[in-house]
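Data first, discussion second: the structure below is written as structure tokens.
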Amino acid sequence: MGQPDITAAERDAVYKTIFGRRDIRKHFTAEPIPVAMLGRILKAAHHAGSVGYMQPWSFIVVDDVGVKARVRESFLREREAAAEKFDAERREKYLSYKLEGILESPLNICVTCDRNRIPGEVIGRNSMRETDVYSTVCAVQNLWLAARAENIGVGWVSILNRQDLHEILNIPPKHVIVAYLCLGYVSEFPEIPELEAAGWRSRLPLEDLVYFNQWNGKLPEIYRELAAALKD
Ligand SMILES: Cc1cc2nc3c(=O)[nH]c(=O)nc-3n(C[C@H](O)[C@H](O)[C@H](O)COP(=O)(O)O)c2cc1C
């Protein structure tokens, strides 16, 4: 029998969620996330696909202000180090951006990957060993979209030192830290990415990224309509 078809209204809701997802840094409110809702969001993450059904992820939910403060200190150090990589003009811009909401968001979640979660050979991982980490990123994306469907904002903070996180959160060395996320209700979900609004980068034209049959292959004439759709 399988599952019933997705209705048009349900499909539209999925696309609305995908296009309405934003990375949130400065719009968090302090309102707590209901526990049942957090459960739904984590369950959505846990239902991601994974190589060999490995389910290599774990989630550390952080609400302790002291722990968050230590993570933020790591962010501040890493931000300074990263700033050195930009030329003077970009450095000033970079340092002026708000790139995390660790303290303002009521909950942080650290997502890790256990590369040895199951003993022996993992179906599908032999040729591309890093697919276990990709699987964990799929869980993060599920989490991000489920949160948006619950009107909860998520901000991904990667400007963090992994060793700091291992120490602060007591994560055993064998677990790979994949993501550090800030979650909370928001005052608004911006229409466009904040980096785009700030003039840092804009969305690439999709038509430049889709090829046919081979690298750089042009769209055949029968795909005229698709070419037009990609321009939208
Ligand atoms: C792997 C990953 C790491 C990211 N790290 C950061 C970060 O450290 N700080 C930040 O402000 N945004 C971070 N972002 C958010 C991106 O800047 C954001 O996704 C991008 O600008 C597009 O905006 P949108 O997510 O609102 O569509 C990260 C996103 C991803 C997927």
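Residues are referred to by chain and number: the chain letter is A, B, ... according to the order shown in the structure tokens, the number counts from 1 in that chain, and ligands are numbered separately from 1 in the order shown.
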Next item on the list: Counting only C-alpha atoms and all ligand atoms, name the residues that have an atom within 7 Å of an atom of ligand 1; the answer should be given as a PyMOL selection string.
Entry: chain A and resi 21-25+98-100+155-159+192-195
Just C-alpha atoms for this one: save the residues we selected as a PDB file, in the first residue's frame.
```
ATOM      1  CA  ARG A  21      14.134  28.888   5.857  1.00  0.00           C
ATOM      2  CA  ARG A  22      16.735  31.406   6.941  1.00  0.00           C
ATOM      3  CA  ASP A  23      19.923  31.327   8.934  1.00  0.00           C
ATOM      4  CA  ILE A  24      19.073  33.369  12.032  1.00  0.00           C
ATOM      5  CA  ARG A  25      21.598  35.293  14.133  1.00  0.00           C
ATOM      6  CA  LYS A  98      26.481  39.379  13.615  1.00  0.00           C
ATOM      7  CA  LEU A  99      27.386  35.787  12.874  1.00  0.00           C
ATOM      8  CA  GLU A 100      25.948  33.921  15.869  1.00  0.00           C
ATOM      9  CA  GLY A 155      21.476  29.685  13.126  1.00  0.00           C
ATOM     10  CA  TRP A 156      24.440  27.481  12.179  1.00  0.00           C
ATOM     11  CA  VAL A 157      27.680  28.599  13.835  1.00  0.00           C
ATOM     12  CA  SER A 158      30.799  27.134  12.284  1.00  0.00           C
ATOM     13  CA  ILE A 159      33.176  29.825  13.521  1.00  0.00           C
ATOM     14  CA  ILE A 192      16.500  37.106   1.868  1.00  0.00           C
ATOM     15  CA  PRO A 193      19.746  35.780   3.374  1.00  0.00           C
ATOM     16  CA  GLU A 194      21.381  38.300   5.656  1.00  0.00           C
ATOM     17  CA  LEU A 195      24.669  38.107   3.755  1.00  0.00           C
TER      18      LEU A 195
END
```
Do you have, as a Markdown table, the list of residues of region 130-223 of chain A lying at most 12 Å from region 67-73 of chain A, each with its nearest atom pair and that distance in Å to one decimal, counting only C-alpha atoms and ordered by chain then number?
```
| residue | atom | partner | partner_atom | distance |
| --- | --- | --- | --- | --- |
| A:Val157 | CA | A:Arg72 | CA | 9.9 |
| A:Ser158 | CA | A:Val71 | CA | 11.2 |
| A:Ile159 | CA | A:Arg72 | CA | 9.7 |
| A:Leu160 | CA | A:Val71 | CA | 7.7 |
| A:Asn161 | CA | A:Val71 | CA | 9.0 |
| A:Arg162 | CA | A:Val71 | CA | 10.3 |
| A:Gln163 | CA | A:Val71 | CA | 11.0 |
| A:Asp164 | CA | A:Val71 | CA | 7.6 |
| A:Leu165 | CA | A:Val71 | CA | 7.0 |
| A:His166 | CA | A:Val71 | CA | 10.5 |
| A:Glu167 | CA | A:Val71 | CA | 10.1 |
| A:Ile168 | CA | A:Val67 | CA | 6.9 |
| A:Leu169 | CA | A:Val67 | CA | 7.8 |
| A:Asn170 | CA | A:Val67 | CA | 11.0 |
| A:Tyr180 | CA | A:Val71 | CA | 9.6 |
| A:Leu181 | CA | A:Lys68 | CA | 11.3 |
| A:Cys182 | CA | A:Lys68 | CA | 10.1 |
```
Can you write just those residues out, N, CA and C atoms, as a CSV table (one decimal), in the first residue's frame?
```
chain,number,residue,atom,x,y,z
A,157,VAL,N,26.4,27.9,13.5
A,157,VAL,CA,27.7,28.6,13.8
A,157,VAL,C,28.8,27.6,13.6
A,158,SER,N,29.6,28.0,12.6
A,158,SER,CA,30.8,27.1,12.3
A,158,SER,C,32.1,27.8,12.6
A,159,ILE,N,32.0,29.1,13.1
A,159,ILE,CA,33.2,29.8,13.5
A,159,ILE,C,33.5,29.4,15.0
A,160,LEU,N,33.9,28.2,15.1
A,160,LEU,CA,34.1,27.6,16.4
A,160,LEU,C,35.3,26.6,16.3
A,161,ASN,N,36.1,26.6,17.4
A,161,ASN,CA,37.2,25.6,17.4
A,161,ASN,C,36.7,24.3,17.9
A,162,ARG,N,36.9,23.3,17.1
A,162,ARG,CA,36.4,21.9,17.4
A,162,ARG,C,36.9,21.4,18.8
A,163,GLN,N,38.2,21.7,19.0
A,163,GLN,CA,38.8,21.2,20.3
A,163,GLN,C,38.2,21.9,21.5
A,164,ASP,N,37.9,23.2,21.3
A,164,ASP,CA,37.1,23.9,22.4
A,164,ASP,C,35.8,23.1,22.7
A,165,LEU,N,35.1,22.8,21.6
A,165,LEU,CA,33.8,22.2,21.8
A,165,LEU,C,33.9,20.8,22.4
A,166,HIS,N,34.9,20.1,22.0
A,166,HIS,CA,35.2,18.8,22.6
A,166,HIS,C,35.3,18.9,24.2
A,167,GLU,N,36.1,20.0,24.5
A,167,GLU,CA,36.3,20.1,26.0
A,167,GLU,C,35.1,20.7,26.7
A,168,ILE,N,34.5,21.7,26.1
A,168,ILE,CA,33.3,22.4,26.8
A,168,ILE,C,32.2,21.4,27.0
A,169,LEU,N,31.9,20.6,25.9
A,169,LEU,CA,30.7,19.7,25.9
A,169,LEU,C,31.1,18.3,26.3
A,170,ASN,N,32.4,18.1,26.6
A,170,ASN,CA,32.8,16.7,27.0
A,170,ASN,C,32.5,15.7,25.9
A,180,TYR,N,27.1,23.3,15.1
A,180,TYR,CA,26.6,23.9,16.3
A,180,TYR,C,25.5,24.9,15.9
A,181,LEU,N,24.3,24.6,16.5
A,181,LEU,CA,23.1,25.3,16.0
A,181,LEU,C,22.5,26.1,17.2
A,182,CYS,N,22.0,27.3,16.8
A,182,CYS,CA,21.3,28.1,17.8
A,182,CYS,C,19.8,28.0,17.4
```
Check: For the atom pair CA of Gly2 (chain A) and CA of Ser135 (chain A), what is the interatomic distance in Å to one decimal place?
Finding: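 Atom-to-atom, CA of Gly2 (chain A) to CA of Ser135 (chain A), that is 24.2 Å.
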Margin query: So, with only C-alpha atoms as the atoms that count, which of A:Ala139, A:Asp232, A:Gly49, A:His175 lies closest to Arg203 (chain A)?
Written below: A:Asp232
Next item on the list: Using DSSP on the backbone, list every residue of chain A that comes out as strand (DSSP E or B), and give them as a count of residues only.
Entry: 31
Next item on the list: Take CA of Lys218 (chain A) and CA of Arg201 (chain A) and report the distance between them in Å, one decimal.
Entry: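 If I compute the distance from CA of Lys218 (chain A) to CA of Arg201 (chain A), I get 25.8 Å.
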Determine, counting only C-alpha atoms, which protein, DNA and RNA residues have an atom within 12 Å of an atom of Val133 (chain A); residues of the same chain fewer than 3 positions away are not included. Present the result as a compact mmCIF listing (two decimals) with C-alpha atoms, in the first residue's frame.
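Listing of result06.txt after writing:
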```txt
# COMPACT_ATOMS: atom_id res chain seq x y z
CA GLY A 49 18.55 9.33 5.31
CA SER A 50 21.94 7.89 6.23
CA VAL A 51 24.49 5.74 4.46
CA MET A 54 23.95 4.09 9.91
CA GLN A 55 22.24 6.94 11.79
CA PRO A 56 25.63 8.24 12.91
CA TRP A 57 24.34 11.40 14.58
CA SER A 58 23.99 12.49 18.21
CA VAL A 111 25.32 17.72 16.23
CA THR A 112 28.02 15.07 16.08
CA CYS A 113 28.84 12.10 13.87
CA ASP A 114 30.01 8.73 15.16
CA ARG A 115 32.00 7.29 12.26
CA ASN A 116 32.05 3.89 13.97
CA ARG A 117 28.44 3.73 15.06
CA ARG A 125 30.31 3.77 2.49
CA MET A 128 32.98 7.47 -0.33
CA ARG A 129 34.06 7.23 3.28
CA GLU A 130 32.79 10.70 4.17
CA THR A 136 24.74 13.87 9.59
CA VAL A 137 24.40 17.03 7.52
CA CYS A 138 21.15 15.58 6.11
CA ALA A 139 19.93 15.33 9.71
CA VAL A 140 20.89 18.96 10.27
CA HIS A 175 32.79 11.76 17.62
CA VAL A 176 33.18 14.30 14.80
CA ILE A 177 31.58 17.66 15.50
CA VAL A 178 29.46 18.53 12.47
CA ALA A 179 27.31 21.47 13.49
```
Check: If you count only C-alpha atoms, which residues fall within 12 Å of Ala229 (chain A), apart from same-chain ones fewer than 5 positions away, as a ChimeraX atom specification?
Finding: /A:205-207,210,223-224
